[in-house]
Amino acid sequence: MSNGSVIGVDIDSIALNILEGKIRQNKLNNRVRTLNCSFTNMPFDEGTFDIIWAEGAVSQCGFAGATKLLGRFLKRGGFFVVHDIEGNYIEKINAVESENFRLYGFFVLSETVWWNEYYRHLEAELTTATSTQPPFDLGSLRKEVAQFKREPQRYRSAFFIMQKI
């Protein structure tokens, strides 16, 4: 939509291979590429990016650590969006402010949203799924759905939207 370029960074080579197939299929090779590495070892210069979107990736070094680490790759005025577990809002807001970001806001995805938009559909797909091929371990996915049903409140998450100042 923006005609910008995108770099998908992940440690999961199988997921990146799937993404690369979609990139080729949609003829986006000139704008989208992948990099198989941890975000803690990214080979980019400071101030490289206009936007960094961290989707469920910050648990490795924590919200504050990720804000500090990834924030250095953003240009001044760049945006940083983090999708993380719900909770510890005060700590997270303090981390945002201590790393020279302005918090635009955050919103919570409740267990109801997770059920309606993800787990309900996953459960339906799993009733007919038979593949044991990567990238999905069907047994693990079934256990995850069952865990969600037992403790749905554990699956709340939040998006934090901030800008580097």
# chains A, B, ... in the order shown; residues from 1 in each chain; ligands from 1
>>> select_by_dssp(residues="chain A", states="strand (DSSP E or B)", output="PyMOL selection string")
chain A and resi 6-10+32-36+49-55+74-85+101-109+157-164
>>> write_last_selection(atoms="C-alpha atoms", output="JSON list (two decimals), in the first residue's frame")
[["chain", "number", "residue", "atom", "x", "y", "z"],
["A", 6, "VAL", "CA", 9.76, -4.57, 4.04],
["A", 7, "ILE", "CA", 12.24, -6.88, 5.73],
["A", 8, "GLY", "CA", 10.72, -9.82, 7.59],
["A", 9, "VAL", "CA", 13.10, -10.92, 10.35],
["A", 10, "ASP", "CA", 12.60, -14.24, 12.12],
["A", 32, "VAL", "CA", 9.94, -7.53, 0.39],
["A", 33, "ARG", "CA", 12.79, -9.70, 1.60],
["A", 34, "THR", "CA", 13.47, -11.96, 4.56],
["A", 35, "LEU", "CA", 16.31, -12.29, 7.01],
["A", 36, "ASN", "CA", 16.83, -15.41, 9.09],
["A", 49, "PHE", "CA", 13.90, 2.05, 9.67],
["A", 50, "ASP", "CA", 10.78, 4.23, 9.58],
["A", 51, "ILE", "CA", 8.65, 1.53, 11.23],
["A", 52, "ILE", "CA", 9.42, -1.54, 13.32],
["A", 53, "TRP", "CA", 6.60, -3.95, 14.08],
["A", 54, "ALA", "CA", 7.42, -6.53, 16.75],
["A", 55, "GLU", "CA", 4.70, -9.16, 16.71],
["A", 74, "LEU", "CA", 14.51, 3.53, 14.17],
["A", 75, "LYS", "CA", 14.88, 6.92, 12.57],
["A", 76, "ARG", "CA", 13.86, 9.90, 14.71],
["A", 77, "GLY", "CA", 10.13, 10.22, 14.22],
["A", 78, "GLY", "CA", 9.87, 6.53, 13.34],
["A", 79, "PHE", "CA", 7.14, 4.33, 14.75],
["A", 80, "PHE", "CA", 7.51, 1.24, 16.90],
["A", 81, "VAL", "CA", 4.59, -1.13, 17.44],
["A", 82, "VAL", "CA", 4.95, -3.94, 19.96],
["A", 83, "HIS", "CA", 2.48, -6.77, 20.47],
["A", 84, "ASP", "CA", 3.21, -8.26, 23.88],
["A", 85, "ILE", "CA", 1.53, -10.05, 26.75],
["A", 101, "PHE", "CA", 9.67, 7.34, 22.76],
["A", 102, "ARG", "CA", 6.29, 8.98, 22.93],
["A", 103, "LEU", "CA", 3.52, 6.50, 23.68],
["A", 104, "TYR", "CA", 0.55, 7.09, 21.40],
["A", 105, "GLY", "CA", -1.45, 4.51, 23.24],
["A", 106, "PHE", "CA", -2.08, 0.86, 23.75],
["A", 107, "PHE", "CA", -5.03, -1.44, 23.46],
["A", 108, "VAL", "CA", -5.77, -4.87, 24.83],
["A", 109, "LEU", "CA", -6.87, -7.91, 22.86],
["A", 157, "SER", "CA", -2.26, -9.36, 24.92],
["A", 158, "ALA", "CA", -1.70, -5.69, 24.17],
["A", 159, "PHE", "CA", -0.41, -3.52, 21.37],
["A", 160, "PHE", "CA", 1.75, -0.54, 22.26],
["A", 161, "ILE", "CA", 2.14, 2.16, 19.64],
["A", 162, "MET", "CA", 5.00, 4.62, 20.11],
["A", 163, "GLN", "CA", 7.11, 7.10, 18.19],
["A", 164, "LYS", "CA", 10.82, 7.82, 18.58]]
>>> residues_around(residues="Ile11 of chain A", least_positions_apart="5", cutoff="12 Å", atoms="only C-alpha atoms", output="PyMOL selection string")
chain A and resi 16-17+34-42+57+60
>>> residues_around(residues="Val145 of chain A", least_positions_apart="4", cutoff="9 Å", atoms="only C-alpha atoms", output="list in words")
Tyr119, Arg120, Leu122, Glu123, Ser140, Leu141, Lys149 and Arg150 of chain A
>>> select_by_dssp(residues="segment 69-128 of chain A", states="alpha helix (DSSP H)", output="MDAnalysis selection string")
chainID A and resid 69:71 89:98 111:114 120:126
>>> write_last_selection(atoms="N, CA and C atoms", output="PDB file, in the first residue's frame")
ATOM      1  N   LEU A  69      16.831  -2.096  22.534  1.00  0.00           N
ATOM      2  CA  LEU A  69      17.554  -2.746  21.441  1.00  0.00           C
ATOM      3  C   LEU A  69      17.020  -2.340  20.074  1.00  0.00           C
ATOM      4  N   LEU A  70      15.722  -2.478  19.873  1.00  0.00           N
ATOM      5  CA  LEU A  70      15.145  -2.197  18.565  1.00  0.00           C
ATOM      6  C   LEU A  70      15.005  -0.704  18.296  1.00  0.00           C
ATOM      7  N   GLY A  71      14.852   0.073  19.353  1.00  0.00           N
ATOM      8  CA  GLY A  71      14.702   1.519  19.193  1.00  0.00           C
ATOM      9  C   GLY A  71      15.871   2.162  18.481  1.00  0.00           C
ATOM     10  N   TYR A  89       1.766  -2.702  32.787  1.00  0.00           N
ATOM     11  CA  TYR A  89       1.632  -1.490  31.980  1.00  0.00           C
ATOM     12  C   TYR A  89       2.548  -0.367  32.455  1.00  0.00           C
ATOM     13  N   ILE A  90       2.630  -0.176  33.762  1.00  0.00           N
ATOM     14  CA  ILE A  90       3.447   0.925  34.278  1.00  0.00           C
ATOM     15  C   ILE A  90       4.909   0.715  33.905  1.00  0.00           C
ATOM     16  N   GLU A  91       5.415  -0.502  34.074  1.00  0.00           N
ATOM     17  CA  GLU A  91       6.799  -0.809  33.674  1.00  0.00           C
ATOM     18  C   GLU A  91       7.012  -0.553  32.190  1.00  0.00           C
ATOM     19  N   LYS A  92       6.060  -0.946  31.385  1.00  0.00           N
ATOM     20  CA  LYS A  92       6.196  -0.785  29.937  1.00  0.00           C
ATOM     21  C   LYS A  92       6.139   0.684  29.541  1.00  0.00           C
ATOM     22  N   ILE A  93       5.260   1.433  30.153  1.00  0.00           N
ATOM     23  CA  ILE A  93       5.179   2.866  29.866  1.00  0.00           C
ATOM     24  C   ILE A  93       6.473   3.555  30.297  1.00  0.00           C
ATOM     25  N   ASN A  94       7.014   3.180  31.436  1.00  0.00           N
ATOM     26  CA  ASN A  94       8.292   3.747  31.884  1.00  0.00           C
ATOM     27  C   ASN A  94       9.409   3.395  30.912  1.00  0.00           C
ATOM     28  N   ALA A  95       9.409   2.181  30.384  1.00  0.00           N
ATOM     29  CA  ALA A  95      10.426   1.772  29.411  1.00  0.00           C
ATOM     30  C   ALA A  95      10.323   2.614  28.144  1.00  0.00           C
ATOM     31  N   VAL A  96       9.101   2.871  27.705  1.00  0.00           N
ATOM     32  CA  VAL A  96       8.888   3.700  26.520  1.00  0.00           C
ATOM     33  C   VAL A  96       9.484   5.077  26.740  1.00  0.00           C
ATOM     34  N   GLU A  97       9.154   5.688  27.862  1.00  0.00           N
ATOM     35  CA  GLU A  97       9.613   7.042  28.136  1.00  0.00           C
ATOM     36  C   GLU A  97      11.120   7.106  28.364  1.00  0.00           C
ATOM     37  N   SER A  98      11.705   6.087  28.986  1.00  0.00           N
ATOM     38  CA  SER A  98      13.142   6.120  29.265  1.00  0.00           C
ATOM     39  C   SER A  98      13.976   5.934  27.997  1.00  0.00           C
ATOM     40  N   GLU A 111      -9.438 -12.065  25.806  1.00  0.00           N
ATOM     41  CA  GLU A 111      -9.602 -13.472  25.461  1.00  0.00           C
ATOM     42  C   GLU A 111     -10.767 -13.678  24.497  1.00  0.00           C
ATOM     43  N   THR A 112     -11.781 -12.811  24.547  1.00  0.00           N
ATOM     44  CA  THR A 112     -12.908 -12.907  23.616  1.00  0.00           C
ATOM     45  C   THR A 112     -12.441 -12.659  22.183  1.00  0.00           C
ATOM     46  N   VAL A 113     -11.607 -11.655  22.017  1.00  0.00           N
ATOM     47  CA  VAL A 113     -11.067 -11.372  20.682  1.00  0.00           C
ATOM     48  C   VAL A 113     -10.232 -12.550  20.198  1.00  0.00           C
ATOM     49  N   TRP A 114      -9.360 -13.066  21.078  1.00  0.00           N
ATOM     50  CA  TRP A 114      -8.529 -14.204  20.692  1.00  0.00           C
ATOM     51  C   TRP A 114      -9.390 -15.401  20.283  1.00  0.00           C
ATOM     52  N   ARG A 120     -11.102 -20.036  17.689  1.00  0.00           N
ATOM     53  CA  ARG A 120     -12.302 -20.695  17.156  1.00  0.00           C
ATOM     54  C   ARG A 120     -12.032 -21.224  15.752  1.00  0.00           C
ATOM     55  N   HIS A 121     -11.371 -20.422  14.925  1.00  0.00           N
ATOM     56  CA  HIS A 121     -11.047 -20.829  13.555  1.00  0.00           C
ATOM     57  C   HIS A 121      -9.981 -21.923  13.541  1.00  0.00           C
ATOM     58  N   LEU A 122      -8.995 -21.786  14.416  1.00  0.00           N
ATOM     59  CA  LEU A 122      -7.952 -22.810  14.505  1.00  0.00           C
ATOM     60  C   LEU A 122      -8.559 -24.145  14.908  1.00  0.00           C
ATOM     61  N   GLU A 123      -9.437 -24.127  15.900  1.00  0.00           N
ATOM     62  CA  GLU A 123     -10.079 -25.360  16.348  1.00  0.00           C
ATOM     63  C   GLU A 123     -10.871 -26.004  15.199  1.00  0.00           C
ATOM     64  N   ALA A 124     -11.585 -25.202  14.440  1.00  0.00           N
ATOM     65  CA  ALA A 124     -12.354 -25.734  13.313  1.00  0.00           C
ATOM     66  C   ALA A 124     -11.429 -26.357  12.270  1.00  0.00           C
ATOM     67  N   GLU A 125     -10.312 -25.702  11.975  1.00  0.00           N
ATOM     68  CA  GLU A 125      -9.352 -26.242  11.015  1.00  0.00           C
ATOM     69  C   GLU A 125      -8.735 -27.544  11.520  1.00  0.00           C
ATOM     70  N   LEU A 126      -8.477 -27.612  12.817  1.00  0.00           N
ATOM     71  CA  LEU A 126      -7.833 -28.797  13.387  1.00  0.00           C
ATOM     72  C   LEU A 126      -8.739 -30.027  13.368  1.00  0.00           C
TER      73      LEU A 126
END
>>> atom_distance(atom1="atom CA of Gly139 of chain A", atom2="atom CA of Gly21 of chain A")
25.4 Å
